[in-house]
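*Asks:* Sharing work.cif here; it has mmCIF, C-alpha atoms and all ligand atoms.
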data_coords
#
loop_
_atom_site.label_atom_id
_atom_site.label_comp_id
_atom_site.auth_asym_id
_atom_site.auth_seq_id
_atom_site.Cartn_x
_atom_site.Cartn_y
_atom_site.Cartn_z
CA MET A 5 90.93 46.96 24.31
CA GLU A 6 88.81 43.83 24.80
CA ILE A 7 85.79 43.62 22.44
CA ARG A 8 82.60 42.74 24.32
CA ILE A 9 80.20 40.49 22.42
CA GLU A 10 76.42 40.39 22.73
CA ARG A 11 74.95 37.86 20.31
CA ASN A 12 71.80 38.38 18.26
CA ALA A 13 69.42 35.76 19.69
CA ASN A 14 67.19 35.71 16.61
CA PRO A 15 69.26 36.31 13.49
CA PRO A 16 67.08 36.21 10.37
CA ALA A 17 67.89 33.72 7.62
CA PRO A 18 70.34 35.12 5.04
CA PRO A 19 68.57 36.47 1.91
CA ALA A 20 68.42 34.44 -1.33
CA TRP A 21 71.82 34.92 -3.00
CA ASP A 22 70.28 35.39 -6.46
CA LYS A 23 68.00 38.22 -5.30
CA LEU A 24 70.51 40.50 -3.56
CA LEU A 25 70.03 44.25 -3.97
CA PHE A 26 73.02 46.45 -3.14
CA GLY A 27 72.81 47.95 0.34
CA LYS A 28 69.39 46.52 1.21
CA HIS A 29 70.46 43.57 3.33
CA ILE A 30 72.24 44.21 6.63
CA SER A 31 73.81 41.35 8.64
CA PRO A 32 72.60 40.70 12.22
CA HIS A 33 75.59 42.14 14.13
CA MET A 34 77.32 45.53 14.27
CA PHE A 35 80.48 46.82 15.93
CA MET A 36 80.27 49.98 18.05
CA LEU A 37 82.80 52.24 19.80
CA ASN A 38 82.23 55.59 21.54
CA TRP A 39 84.55 58.58 21.87
CA ARG A 40 84.10 60.74 24.94
CA ASP A 41 86.40 62.68 27.29
CA GLY A 42 89.19 62.44 24.71
CA ALA A 43 89.34 58.63 24.41
CA TRP A 44 87.57 55.64 22.79
CA HIS A 45 85.39 53.51 25.10
CA ASP A 46 83.45 50.26 25.18
CA PRO A 47 84.27 48.37 21.97
CA ARG A 48 81.40 45.95 21.44
CA ILE A 49 79.62 43.75 18.93
CA VAL A 50 75.87 43.88 19.40
CA PRO A 51 72.69 42.96 17.49
CA VAL A 52 72.15 45.47 14.67
CA ALA A 53 69.57 48.06 15.71
CA PRO A 54 68.55 51.69 15.02
CA LEU A 55 70.81 54.28 16.67
CA PRO A 56 69.52 56.44 19.52
CA LEU A 57 70.50 59.84 18.10
CA HIS A 58 69.56 63.23 19.54
CA PRO A 59 67.93 65.53 16.95
CA ALA A 60 70.64 68.12 17.74
CA ALA A 61 73.47 65.65 16.97
CA LYS A 62 76.23 67.50 15.06
CA VAL A 63 76.24 65.02 12.17
CA LEU A 64 72.62 65.81 11.33
CA HIS A 65 73.35 69.53 10.94
CA TYR A 66 76.98 69.93 9.92
CA ALA A 67 77.67 66.57 8.25
CA GLN A 68 80.62 65.54 10.39
CA GLU A 69 80.67 62.02 8.99
CA ILE A 70 83.10 59.66 7.26
CA PHE A 71 82.83 56.10 6.00
CA GLU A 72 84.57 53.30 4.12
CA GLY A 73 83.46 50.75 1.54
CA MET A 74 85.31 47.44 1.48
CA LYS A 75 84.59 43.74 1.01
CA ALA A 76 85.08 40.24 2.42
CA TYR A 77 84.98 37.19 0.14
CA ARG A 78 84.41 33.44 0.45
CA ASN A 79 87.07 31.25 -1.17
CA PRO A 80 85.20 28.72 -3.38
CA ALA A 81 87.95 26.10 -2.88
CA ASP A 82 87.67 25.72 0.91
CA ASN A 83 84.88 28.10 2.01
CA SER A 84 87.34 30.18 4.05
CA LEU A 85 86.74 33.93 4.45
CA HIS A 86 89.13 36.80 3.75
CA MET A 87 89.11 40.58 3.34
CA PHE A 88 90.70 42.46 0.44
CA ARG A 89 93.49 44.87 1.50
CA PRO A 90 91.67 46.05 4.65
CA ARG A 91 94.66 48.03 5.93
CA MET A 92 94.39 50.39 2.95
CA ASN A 93 90.78 51.20 3.85
CA ILE A 94 91.68 51.64 7.52
CA THR A 95 94.47 54.07 6.59
CA ARG A 96 92.13 55.97 4.25
CA PHE A 97 89.49 56.11 6.99
CA ASN A 98 91.93 57.78 9.37
CA ILE A 99 93.01 60.22 6.62
CA SER A 100 89.32 61.13 6.17
CA ALA A 101 88.98 61.44 9.97
CA GLU A 102 91.83 63.94 10.17
CA ARG A 103 90.37 66.12 7.40
CA MET A 104 86.93 66.11 9.02
CA CYS A 105 88.36 67.03 12.44
CA MET A 106 87.56 63.61 13.96
CA PRO A 107 89.69 61.29 16.14
CA PRO A 108 91.53 58.37 14.48
CA VAL A 109 90.58 54.76 15.26
CA ASP A 110 93.38 52.41 16.38
CA PRO A 111 94.12 50.34 13.23
CA ALA A 112 94.66 47.12 15.24
CA LEU A 113 91.28 47.45 16.99
CA PHE A 114 89.61 48.39 13.68
CA LEU A 115 91.03 45.27 11.98
CA ARG A 116 90.14 42.98 14.90
CA ALA A 117 86.57 44.35 14.94
CA LEU A 118 86.23 43.58 11.21
CA GLU A 119 87.62 40.06 11.67
CA ILE A 120 85.25 39.17 14.51
CA LEU A 121 82.23 40.74 12.86
CA ILE A 122 82.81 38.91 9.55
CA ALA A 123 83.44 35.60 11.31
CA MET A 124 80.30 35.96 13.49
CA ASP A 125 78.16 36.78 10.44
CA GLY A 126 79.97 34.32 8.17
CA ALA A 127 76.62 32.82 7.12
CA TYR A 128 75.91 36.14 5.39
CA VAL A 129 78.98 36.01 3.12
CA PRO A 130 77.64 34.84 -0.24
CA PRO A 131 79.61 32.57 -2.58
CA LYS A 132 81.31 34.06 -5.67
CA PRO A 133 80.34 36.30 -7.47
CA GLY A 134 78.81 37.79 -4.30
CA SER A 135 80.66 39.23 -1.32
CA LEU A 136 80.08 40.79 2.09
CA TYR A 137 80.14 44.58 1.84
CA LEU A 138 81.68 46.26 4.91
CA ARG A 139 80.69 49.78 5.90
CA PRO A 140 82.76 51.34 8.72
CA THR A 141 81.28 54.73 9.64
CA MET A 142 82.02 57.55 12.10
CA ILE A 143 79.64 60.34 13.11
CA GLY A 144 79.87 63.32 15.44
CA ASP A 145 77.00 62.65 17.84
CA GLU A 146 77.26 65.46 20.40
CA PRO A 147 73.80 67.00 20.89
CA SER A 148 74.68 70.65 20.34
CA LEU A 149 73.86 73.13 17.56
CA GLY A 150 77.05 75.22 17.74
CA VAL A 151 79.12 75.03 14.55
CA ALA A 152 82.16 73.27 15.99
CA ALA A 153 83.70 69.83 15.95
CA SER A 154 81.74 67.33 18.02
CA SER A 155 83.16 66.43 21.42
CA THR A 156 81.74 62.88 21.14
CA TYR A 157 81.79 60.38 18.28
CA LEU A 158 80.25 57.05 17.41
CA PHE A 159 82.30 54.65 15.29
CA TYR A 160 80.37 51.66 14.00
CA ILE A 161 80.68 48.93 11.37
CA ILE A 162 77.74 47.33 9.62
CA THR A 163 77.99 44.67 6.92
CA GLY A 164 75.69 43.13 4.35
CA PRO A 165 75.72 40.59 1.52
CA VAL A 166 75.92 41.97 -2.03
CA GLY A 167 75.65 40.23 -5.40
CA SER A 168 77.54 40.68 -8.65
CA TYR A 169 77.52 44.17 -10.14
CA PHE A 170 77.33 42.57 -13.60
CA LYS A 171 74.00 40.71 -13.31
CA GLY A 172 72.82 41.68 -16.78
CA GLY A 173 76.25 41.01 -18.34
CA ILE A 174 79.05 43.46 -19.09
CA ASN A 175 77.50 46.67 -20.43
CA PRO A 176 80.07 49.33 -21.36
CA LEU A 177 79.25 52.66 -19.71
CA TYR A 178 78.07 55.81 -21.50
CA LEU A 179 79.61 58.75 -19.62
CA LYS A 180 79.03 62.49 -19.64
CA ALA A 181 82.00 64.80 -19.04
CA GLU A 182 80.35 67.19 -16.57
CA THR A 183 81.11 70.85 -17.31
CA GLU A 184 78.47 72.60 -15.18
CA TYR A 185 78.82 71.01 -11.73
CA VAL A 186 82.00 70.01 -9.90
CA ARG A 187 82.60 67.35 -7.27
CA SER A 188 85.51 68.90 -5.36
CA ALA A 189 88.01 71.73 -5.47
CA PRO A 190 91.64 72.14 -4.36
CA GLY A 191 91.76 72.72 -0.62
CA GLY A 192 88.37 71.00 -0.19
CA VAL A 193 87.43 67.50 0.96
CA GLY A 194 87.55 65.52 -2.31
CA TYR A 195 90.18 63.10 -1.00
CA ALA A 196 88.11 62.32 2.11
CA LYS A 197 85.33 59.73 2.08
CA THR A 198 82.73 61.96 3.67
CA GLY A 199 78.98 61.87 3.02
CA GLY A 200 78.74 65.47 1.81
CA ASN A 201 80.78 64.65 -1.30
CA TYR A 202 78.10 62.15 -2.27
CA ALA A 203 75.13 64.37 -1.34
CA ALA A 204 76.51 67.16 -3.53
CA ALA A 205 76.80 64.76 -6.48
CA LEU A 206 73.22 63.48 -6.33
CA LEU A 207 71.60 66.21 -8.45
CA PRO A 208 74.19 66.27 -11.27
CA ILE A 209 74.12 62.45 -11.47
CA LYS A 210 70.31 62.41 -11.49
CA LEU A 211 70.22 65.00 -14.30
CA ALA A 212 72.83 63.08 -16.31
CA GLN A 213 70.93 59.81 -15.89
CA LYS A 214 67.68 61.50 -16.91
CA ALA A 215 69.48 62.61 -20.09
CA GLY A 216 70.43 58.97 -20.81
CA PHE A 217 73.97 58.73 -19.44
CA ASP A 218 75.06 56.00 -17.02
CA GLN A 219 77.39 58.21 -14.99
CA ILE A 220 79.40 61.42 -14.87
CA ILE A 221 83.09 62.07 -15.43
CA TRP A 222 84.09 64.82 -12.99
CA LEU A 223 86.45 67.48 -14.30
CA ASP A 224 88.77 69.71 -12.29
CA ALA A 225 86.97 72.63 -10.63
CA LEU A 226 89.38 75.36 -11.73
CA THR A 227 89.57 74.84 -15.50
CA ARG A 228 87.04 72.08 -16.28
CA THR A 229 89.56 70.70 -18.78
CA ARG A 230 91.10 67.77 -16.91
CA VAL A 231 89.57 64.44 -15.97
CA GLU A 232 89.44 63.64 -12.24
CA GLU A 233 87.24 60.64 -11.43
CA MET A 234 83.65 59.34 -11.36
CA GLY A 235 80.88 59.29 -8.75
CA ALA A 236 82.18 56.24 -6.91
CA MET A 237 84.99 55.01 -9.14
CA ASN A 238 88.34 56.11 -10.49
CA ILE A 239 88.82 56.20 -14.28
CA CYS A 240 91.75 54.94 -16.38
CA PHE A 241 92.75 55.46 -20.02
CA VAL A 242 94.55 52.68 -21.92
CA TYR A 243 97.14 53.40 -24.64
CA ALA A 244 99.39 50.87 -26.40
CA ASP A 245 102.23 51.25 -23.88
CA ARG A 246 100.62 52.85 -20.84
CA VAL A 247 97.56 53.35 -18.66
CA VAL A 248 96.89 56.93 -17.54
CA THR A 249 94.86 58.07 -14.54
CA ALA A 250 94.59 61.22 -12.42
CA PRO A 251 96.99 61.57 -9.46
CA VAL A 252 95.88 61.35 -5.82
CA MET A 253 97.38 62.64 -2.56
CA PRO A 254 99.94 64.05 -2.02
CA LYS A 255 99.90 65.35 -5.63
CA SER A 256 96.17 66.12 -5.70
CA ASP A 257 93.65 66.59 -2.89
CA THR A 258 90.53 66.45 -5.07
CA ILE A 259 90.30 62.71 -5.80
CA LEU A 260 89.58 59.67 -3.66
CA ALA A 261 92.60 57.33 -3.61
CA GLY A 262 90.83 54.11 -4.62
CA VAL A 263 92.06 50.77 -3.30
CA THR A 264 91.01 49.20 -6.62
CA ARG A 265 92.91 51.95 -8.51
CA ASP A 266 96.06 51.11 -6.55
CA SER A 267 95.59 47.37 -7.16
CA VAL A 268 94.95 47.85 -10.88
CA GLY A 269 98.04 50.10 -11.07
CA GLN A 270 100.18 47.27 -9.70
CA MET A 271 98.58 44.76 -12.08
CA VAL A 272 99.24 47.07 -15.04
CA ARG A 273 102.91 47.33 -14.04
CA ASP A 274 103.03 43.53 -13.54
CA ARG A 275 102.10 43.28 -17.23
CA GLY A 276 105.03 45.46 -18.34
CA LEU A 277 102.90 48.52 -19.13
CA ARG A 278 103.58 51.98 -17.73
CA TRP A 279 101.20 53.28 -15.09
CA VAL A 280 101.08 57.06 -15.46
CA GLU A 281 99.52 59.26 -12.77
CA GLU A 282 99.03 62.58 -14.58
CA SER A 283 95.78 64.54 -14.95
CA PRO A 284 94.33 63.46 -18.31
CA VAL A 285 93.36 66.44 -20.50
CA LEU A 286 89.80 65.92 -21.72
CA ALA A 287 90.42 67.41 -25.19
CA GLU A 288 93.38 65.04 -25.69
CA ILE A 289 91.33 62.06 -24.52
CA ILE A 290 88.63 62.89 -27.05
CA ALA A 291 91.14 63.46 -29.89
CA ASP A 292 93.01 60.23 -29.01
CA ALA A 293 89.76 58.24 -28.91
CA ALA A 294 88.84 59.60 -32.35
CA SER A 295 92.28 58.73 -33.79
CA GLY A 296 92.32 55.30 -32.15
CA ALA A 297 95.46 56.03 -30.07
CA LEU A 298 93.31 55.73 -26.96
CA GLN A 299 92.35 52.08 -27.08
CA GLU A 300 90.28 51.45 -23.97
CA VAL A 301 88.77 53.30 -21.02
CA PHE A 302 87.69 51.64 -17.78
CA SER A 303 86.46 52.68 -14.36
CA CYS A 304 87.49 50.89 -11.18
CA GLY A 305 86.13 50.68 -7.65
CA THR A 306 85.13 48.24 -4.92
CA ALA A 307 81.49 47.97 -6.06
CA ALA A 308 82.00 47.41 -9.80
CA ILE A 309 85.63 46.13 -9.80
CA VAL A 310 86.71 47.04 -13.37
CA THR A 311 84.03 48.27 -15.79
CA PRO A 312 84.47 49.15 -19.48
CA VAL A 313 83.54 52.59 -20.81
CA GLY A 314 82.04 52.45 -24.31
CA LYS A 315 81.22 56.06 -25.09
CA ILE A 316 82.01 59.53 -23.71
CA HIS A 317 79.93 62.66 -24.30
CA ALA A 318 82.07 65.81 -24.31
CA GLY A 319 81.97 69.15 -26.12
CA GLY A 320 78.45 68.48 -27.37
CA ARG A 321 79.21 65.19 -29.12
CA ASP A 322 79.72 61.49 -28.45
CA VAL A 323 82.99 59.72 -29.01
CA THR A 324 83.14 55.93 -29.05
CA ILE A 325 86.06 54.21 -27.33
CA GLY A 326 87.54 51.51 -29.59
CA ASN A 327 84.55 49.68 -31.08
CA GLY A 328 82.40 50.51 -28.05
CA ALA A 329 82.76 47.04 -26.53
CA GLU A 330 84.93 45.87 -23.61
CA GLY A 331 88.62 45.98 -24.61
CA PRO A 332 91.08 43.11 -24.00
CA LEU A 333 93.10 44.75 -21.19
CA THR A 334 89.91 45.80 -19.37
CA ARG A 335 88.61 42.22 -19.54
CA GLU A 336 91.95 40.77 -18.47
CA LEU A 337 92.20 43.11 -15.46
CA ARG A 338 88.57 42.54 -14.48
CA GLU A 339 88.90 38.75 -14.60
CA ALA A 340 92.31 38.72 -12.92
CA LEU A 341 91.20 41.02 -10.09
CA SER A 342 87.98 39.04 -9.57
CA ALA A 343 90.09 35.87 -9.26
CA ILE A 344 92.40 37.56 -6.73
CA HIS A 345 89.34 38.79 -4.80
CA ALA A 346 87.89 35.27 -4.62
CA GLY A 347 91.20 33.65 -3.73
CA GLU A 348 91.35 31.66 -6.98
CA SER A 349 94.62 33.22 -8.09
CA GLU A 350 98.13 32.73 -6.74
CA GLY A 351 99.00 36.30 -7.76
CA HIS A 352 98.98 38.98 -5.08
CA ALA A 353 98.03 36.58 -2.28
CA GLU A 354 99.37 39.31 0.04
CA TRP A 355 96.26 41.36 -0.77
CA ARG A 356 94.03 38.79 0.96
CA HIS A 357 93.69 39.08 4.73
CA PRO A 358 92.36 35.79 6.19
CA VAL A 359 89.48 36.04 8.67
CA PRO A 360 90.16 33.84 11.72
CA PRO A 361 87.28 31.76 13.17
CA ALA A 362 84.81 33.56 15.45
CA PRO A 363 85.80 33.67 19.16
C1 LIG A 401 84.49 59.05 -5.18
C2 LIG A 401 85.08 57.69 -5.29
N1 LIG A 401 86.15 57.51 -6.08
C3 LIG A 401 86.74 56.30 -6.22
C4 LIG A 401 86.26 55.19 -5.54
C5 LIG A 401 86.94 53.87 -5.68
O1 LIG A 401 87.60 53.52 -4.49
P1 LIG A 401 87.80 52.01 -4.05
O2 LIG A 401 88.52 51.35 -5.17
O3 LIG A 401 88.60 52.07 -2.81
O4 LIG A 401 86.44 51.43 -3.86
C6 LIG A 401 85.13 55.33 -4.71
C7 LIG A 401 84.58 54.17 -3.99
O5 LIG A 401 84.81 54.01 -2.84
C8 LIG A 401 84.53 56.61 -4.58
O6 LIG A 401 83.47 56.77 -3.78
#
I'd like the structure from this file rewritten - as structure tokens, please.
*Replies:*
Amino acid sequence: MEIRIERNANPPAPPAWDKLLFGKHISPHMFMLNWRDGAWHDPRIVPVAPLPLHPAAKVLHYAQEIFEGMKAYRNPADNSLHMFRPRMNITRFNISAERMCMPPVDPALFLRALEILIAMDGAYVPPKPGSLYLRPTMIGDEPSLGVAASSTYLFYIITGPVGSYFKGGINPLYLKAETEYVRSAPGGVGYAKTGGNYAAALLPIKLAQKAGFDQIIWLDALTRTRVEEMGAMNICFVYADRVVTAPVMPKSDTILAGVTRDSVGQMVRDRGLRWVEESPVLAEIIADAASGALQEVFSCGTAAIVTPVGKIHAGGRDVTIGNGAEGPLTRELREALSAIHAGESEGHAEWRHPVPPAP
């Protein structure tokens, strides 16, 4: 399908790179595609604008919505632009679509739309340590209040510049193992990137933050004894010979299969360590942290890359990980992955997808 382009005649100047706030700045163009009569129609790039949405639109009542979070980077050496492993996000988007009873988007069209959009709004891709955040989204937009899958959908992509997550330096996280609330259950939608998962997590995260924690560690819904993941990050446990993290599909349907998690897993194996995908038992994690066998804990995700965990609150007490500061493997992985993201590293060049010039 040919992508129609309507240029924004008055794009605003890009924001100051040192004052970027996550999610507040949206680039001047968006991609749009409509599903009706059983097929996708009218792929187009247009000036970003509010959506005309009927108040009865299915998404507003029954949350038929999915999204992705991915990034494009500017290579400091030659100013060229590239995405990080976009095909993984496109695949995950279509997995989410299937679970939420929505039509898949053709991966080739999806990728082409991203390429053109990033190239057209190239002036909004900040230099390192910033990046262009990409937010593909699909909503059921049929105006009808019956509880049923929508017969029409809107797929769109917006983008926006974001700064470094680590503006104030590297501050190890203080996490609460959440025993009252759960994020997802077997047979549910935990492995899908759908808005309801995030809405349901708002209250527990707010309560935890009010109590002084940075974030929550979600436990499994059935026994509340095994570690699953965090609000928007996966979590990994470092021992002398291995790094342990919870399994994802097809072994478990409760956890989001992070692109960063997959990348870190490969980097761990590159370093001769074992990468073990087995549900970590919280009581063992706490005992191993106390004995020193558990050396480091880090979270990983697109927004914060690799972030050290300094302290975990579980069973009514705090346990410090190592000496509470960032451990050596966490730092090494964070720096190495940031270099791969920027294009400064020869390693895993296959993870960078170059963005061709705008048409
Ligand atoms: C619930 C959840 N888990 C894990 C992740 C990490 O995934 P990724 O590395 O693809 O950003 C995210 C972020 O997208 C998330 O929202």
*Asks:* Please list as a PyMOL selection string every residue within 6 Å of range 35-46 of chain A, counting all atoms listed in the file and excluding residues in the same chain fewer than 5 positions away.
*Replies:* chain A and resi 156-161
*Asks:* For the interface of chain A with ligand LIG 401 (chain A) (cut-off 10 Å, counting all atoms listed in the file), please tabulate each contacting residue of chain A alongside its nearest pair of atoms and their separation in Å to one decimal, rows sorted by chain and increasing number, as JSON lines.
*Replies:*
{"residue": "A:Phe71", "atom": "CA", "partner": "A:LIG401", "partner_atom": "O5", "distance": 9.3}
{"residue": "A:Glu72", "atom": "CA", "partner": "A:LIG401", "partner_atom": "O5", "distance": 7.0}
{"residue": "A:Gly73", "atom": "CA", "partner": "A:LIG401", "partner_atom": "O5", "distance": 5.6}
{"residue": "A:Met74", "atom": "CA", "partner": "A:LIG401", "partner_atom": "O4", "distance": 6.8}
{"residue": "A:Lys75", "atom": "CA", "partner": "A:LIG401", "partner_atom": "O4", "distance": 9.3}
{"residue": "A:Arg89", "atom": "CA", "partner": "A:LIG401", "partner_atom": "O3", "distance": 9.7}
{"residue": "A:Met92", "atom": "CA", "partner": "A:LIG401", "partner_atom": "O3", "distance": 8.3}
{"residue": "A:Asn93", "atom": "CA", "partner": "A:LIG401", "partner_atom": "O3", "distance": 7.1}
{"residue": "A:Arg96", "atom": "CA", "partner": "A:LIG401", "partner_atom": "O3", "distance": 8.8}
{"residue": "A:Arg187", "atom": "CA", "partner": "A:LIG401", "partner_atom": "C1", "distance": 8.8}
{"residue": "A:Ser188", "atom": "CA", "partner": "A:LIG401", "partner_atom": "C1", "distance": 9.9}
{"residue": "A:Gly194", "atom": "CA", "partner": "A:LIG401", "partner_atom": "C1", "distance": 7.7}
{"residue": "A:Tyr195", "atom": "CA", "partner": "A:LIG401", "partner_atom": "C1", "distance": 8.1}
{"residue": "A:Ala196", "atom": "CA", "partner": "A:LIG401", "partner_atom": "C1", "distance": 8.8}
{"residue": "A:Lys197", "atom": "CA", "partner": "A:LIG401", "partner_atom": "O6", "distance": 6.8}
{"residue": "A:Thr198", "atom": "CA", "partner": "A:LIG401", "partner_atom": "O6", "distance": 9.1}
{"residue": "A:Gly199", "atom": "CA", "partner": "A:LIG401", "partner_atom": "O6", "distance": 9.6}
{"residue": "A:Asn201", "atom": "CA", "partner": "A:LIG401", "partner_atom": "C1", "distance": 7.8}
{"residue": "A:Tyr202", "atom": "CA", "partner": "A:LIG401", "partner_atom": "C1", "distance": 7.7}
{"residue": "A:Ala205", "atom": "CA", "partner": "A:LIG401", "partner_atom": "C1", "distance": 9.7}
{"residue": "A:Trp222", "atom": "CA", "partner": "A:LIG401", "partner_atom": "C1", "distance": 9.7}
{"residue": "A:Glu232", "atom": "CA", "partner": "A:LIG401", "partner_atom": "N1", "distance": 9.3}
{"residue": "A:Glu233", "atom": "CA", "partner": "A:LIG401", "partner_atom": "N1", "distance": 6.3}
{"residue": "A:Met234", "atom": "CA", "partner": "A:LIG401", "partner_atom": "N1", "distance": 6.1}
{"residue": "A:Gly235", "atom": "CA", "partner": "A:LIG401", "partner_atom": "C1", "distance": 5.1}
{"residue": "A:Ala236", "atom": "CA", "partner": "A:LIG401", "partner_atom": "C8", "distance": 3.3}
{"residue": "A:Met237", "atom": "CA", "partner": "A:LIG401", "partner_atom": "C3", "distance": 3.6}
{"residue": "A:Asn238", "atom": "CA", "partner": "A:LIG401", "partner_atom": "C3", "distance": 4.6}
{"residue": "A:Ile239", "atom": "CA", "partner": "A:LIG401", "partner_atom": "C3", "distance": 8.3}
{"residue": "A:Thr258", "atom": "CA", "partner": "A:LIG401", "partner_atom": "C1", "distance": 9.6}
{"residue": "A:Ile259", "atom": "CA", "partner": "A:LIG401", "partner_atom": "N1", "distance": 6.7}
{"residue": "A:Leu260", "atom": "CA", "partner": "A:LIG401", "partner_atom": "N1", "distance": 4.7}
{"residue": "A:Ala261", "atom": "CA", "partner": "A:LIG401", "partner_atom": "O1", "distance": 6.3}
{"residue": "A:Gly262", "atom": "CA", "partner": "A:LIG401", "partner_atom": "O1", "distance": 3.3}
{"residue": "A:Val263", "atom": "CA", "partner": "A:LIG401", "partner_atom": "O3", "distance": 3.7}
{"residue": "A:Thr264", "atom": "CA", "partner": "A:LIG401", "partner_atom": "O2", "distance": 3.6}
{"residue": "A:Arg265", "atom": "CA", "partner": "A:LIG401", "partner_atom": "O2", "distance": 5.5}
{"residue": "A:Asp266", "atom": "CA", "partner": "A:LIG401", "partner_atom": "O2", "distance": 7.7}
{"residue": "A:Ser267", "atom": "CA", "partner": "A:LIG401", "partner_atom": "O2", "distance": 8.4}
{"residue": "A:Val268", "atom": "CA", "partner": "A:LIG401", "partner_atom": "O2", "distance": 9.3}
{"residue": "A:Ser303", "atom": "CA", "partner": "A:LIG401", "partner_atom": "C5", "distance": 8.8}
{"residue": "A:Cys304", "atom": "CA", "partner": "A:LIG401", "partner_atom": "O2", "distance": 6.1}
{"residue": "A:Gly305", "atom": "CA", "partner": "A:LIG401", "partner_atom": "O2", "distance": 3.5}
{"residue": "A:Thr306", "atom": "CA", "partner": "A:LIG401", "partner_atom": "O4", "distance": 3.6}
{"residue": "A:Ala307", "atom": "CA", "partner": "A:LIG401", "partner_atom": "O4", "distance": 6.4}
{"residue": "A:Ala308", "atom": "CA", "partner": "A:LIG401", "partner_atom": "O4", "distance": 8.4}
{"residue": "A:Ile309", "atom": "CA", "partner": "A:LIG401", "partner_atom": "O2", "distance": 7.6}
{"residue": "A:Val310", "atom": "CA", "partner": "A:LIG401", "partner_atom": "O2", "distance": 9.4}
*Asks:* Could the residues in this selection be written to a file with C-alpha atoms, as a PDB file, in the coordinates of the input?
*Replies:*
ATOM      1  CA  PHE A  71      82.830  56.100   6.000  1.00  0.00           C
ATOM      2  CA  GLU A  72      84.570  53.300   4.120  1.00  0.00           C
ATOM      3  CA  GLY A  73      83.460  50.750   1.540  1.00  0.00           C
ATOM      4  CA  MET A  74      85.310  47.440   1.480  1.00  0.00           C
ATOM      5  CA  LYS A  75      84.590  43.740   1.010  1.00  0.00           C
ATOM      6  CA  ARG A  89      93.490  44.870   1.500  1.00  0.00           C
ATOM      7  CA  MET A  92      94.390  50.390   2.950  1.00  0.00           C
ATOM      8  CA  ASN A  93      90.780  51.200   3.850  1.00  0.00           C
ATOM      9  CA  ARG A  96      92.130  55.970   4.250  1.00  0.00           C
ATOM     10  CA  ARG A 187      82.600  67.350  -7.270  1.00  0.00           C
ATOM     11  CA  SER A 188      85.510  68.900  -5.360  1.00  0.00           C
ATOM     12  CA  GLY A 194      87.550  65.520  -2.310  1.00  0.00           C
ATOM     13  CA  TYR A 195      90.180  63.100  -1.000  1.00  0.00           C
ATOM     14  CA  ALA A 196      88.110  62.320   2.110  1.00  0.00           C
ATOM     15  CA  LYS A 197      85.330  59.730   2.080  1.00  0.00           C
ATOM     16  CA  THR A 198      82.730  61.960   3.670  1.00  0.00           C
ATOM     17  CA  GLY A 199      78.980  61.870   3.020  1.00  0.00           C
ATOM     18  CA  ASN A 201      80.780  64.650  -1.300  1.00  0.00           C
ATOM     19  CA  TYR A 202      78.100  62.150  -2.270  1.00  0.00           C
ATOM     20  CA  ALA A 205      76.800  64.760  -6.480  1.00  0.00           C
ATOM     21  CA  TRP A 222      84.090  64.820 -12.990  1.00  0.00           C
ATOM     22  CA  GLU A 232      89.440  63.640 -12.240  1.00  0.00           C
ATOM     23  CA  GLU A 233      87.240  60.640 -11.430  1.00  0.00           C
ATOM     24  CA  MET A 234      83.650  59.340 -11.360  1.00  0.00           C
ATOM     25  CA  GLY A 235      80.880  59.290  -8.750  1.00  0.00           C
ATOM     26  CA  ALA A 236      82.180  56.240  -6.910  1.00  0.00           C
ATOM     27  CA  MET A 237      84.990  55.010  -9.140  1.00  0.00           C
ATOM     28  CA  ASN A 238      88.340  56.110 -10.490  1.00  0.00           C
ATOM     29  CA  ILE A 239      88.820  56.200 -14.280  1.00  0.00           C
ATOM     30  CA  THR A 258      90.530  66.450  -5.070  1.00  0.00           C
ATOM     31  CA  ILE A 259      90.300  62.710  -5.800  1.00  0.00           C
ATOM     32  CA  LEU A 260      89.580  59.670  -3.660  1.00  0.00           C
ATOM     33  CA  ALA A 261      92.600  57.330  -3.610  1.00  0.00           C
ATOM     34  CA  GLY A 262      90.830  54.110  -4.620  1.00  0.00           C
ATOM     35  CA  VAL A 263      92.060  50.770  -3.300  1.00  0.00           C
ATOM     36  CA  THR A 264      91.010  49.200  -6.620  1.00  0.00           C
ATOM     37  CA  ARG A 265      92.910  51.950  -8.510  1.00  0.00           C
ATOM     38  CA  ASP A 266      96.060  51.110  -6.550  1.00  0.00           C
ATOM     39  CA  SER A 267      95.590  47.370  -7.160  1.00  0.00           C
ATOM     40  CA  VAL A 268      94.950  47.850 -10.880  1.00  0.00           C
ATOM     41  CA  SER A 303      86.460  52.680 -14.360  1.00  0.00           C
ATOM     42  CA  CYS A 304      87.490  50.890 -11.180  1.00  0.00           C
ATOM     43  CA  GLY A 305      86.130  50.680  -7.650  1.00  0.00           C
ATOM     44  CA  THR A 306      85.130  48.240  -4.920  1.00  0.00           C
ATOM     45  CA  ALA A 307      81.490  47.970  -6.060  1.00  0.00           C
ATOM     46  CA  ALA A 308      82.000  47.410  -9.800  1.00  0.00           C
ATOM     47  CA  ILE A 309      85.630  46.130  -9.800  1.00  0.00           C
ATOM     48  CA  VAL A 310      86.710  47.040 -13.370  1.00  0.00           C
TER      49      VAL A 310
END
*Asks:* Leaving out range 270-284 of chain A and any residue of its chain fewer than 4 positions from it, which residues lie within 8 Å of it when counting all atoms listed in the file, given as an MDAnalysis selection string?
*Replies:* chainID A and resid 230:232 245:251 266 288:289 337
*Asks:* May I ask which of the residues A:Ala353, A:Met106, A:Ala362, A:Ala181 is the closest one to Phe88 in chain A, counting all atoms listed in the file?
*Replies:*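 Using all atoms listed in the file, Phe88 in chain A sits closest to A:Ala353.
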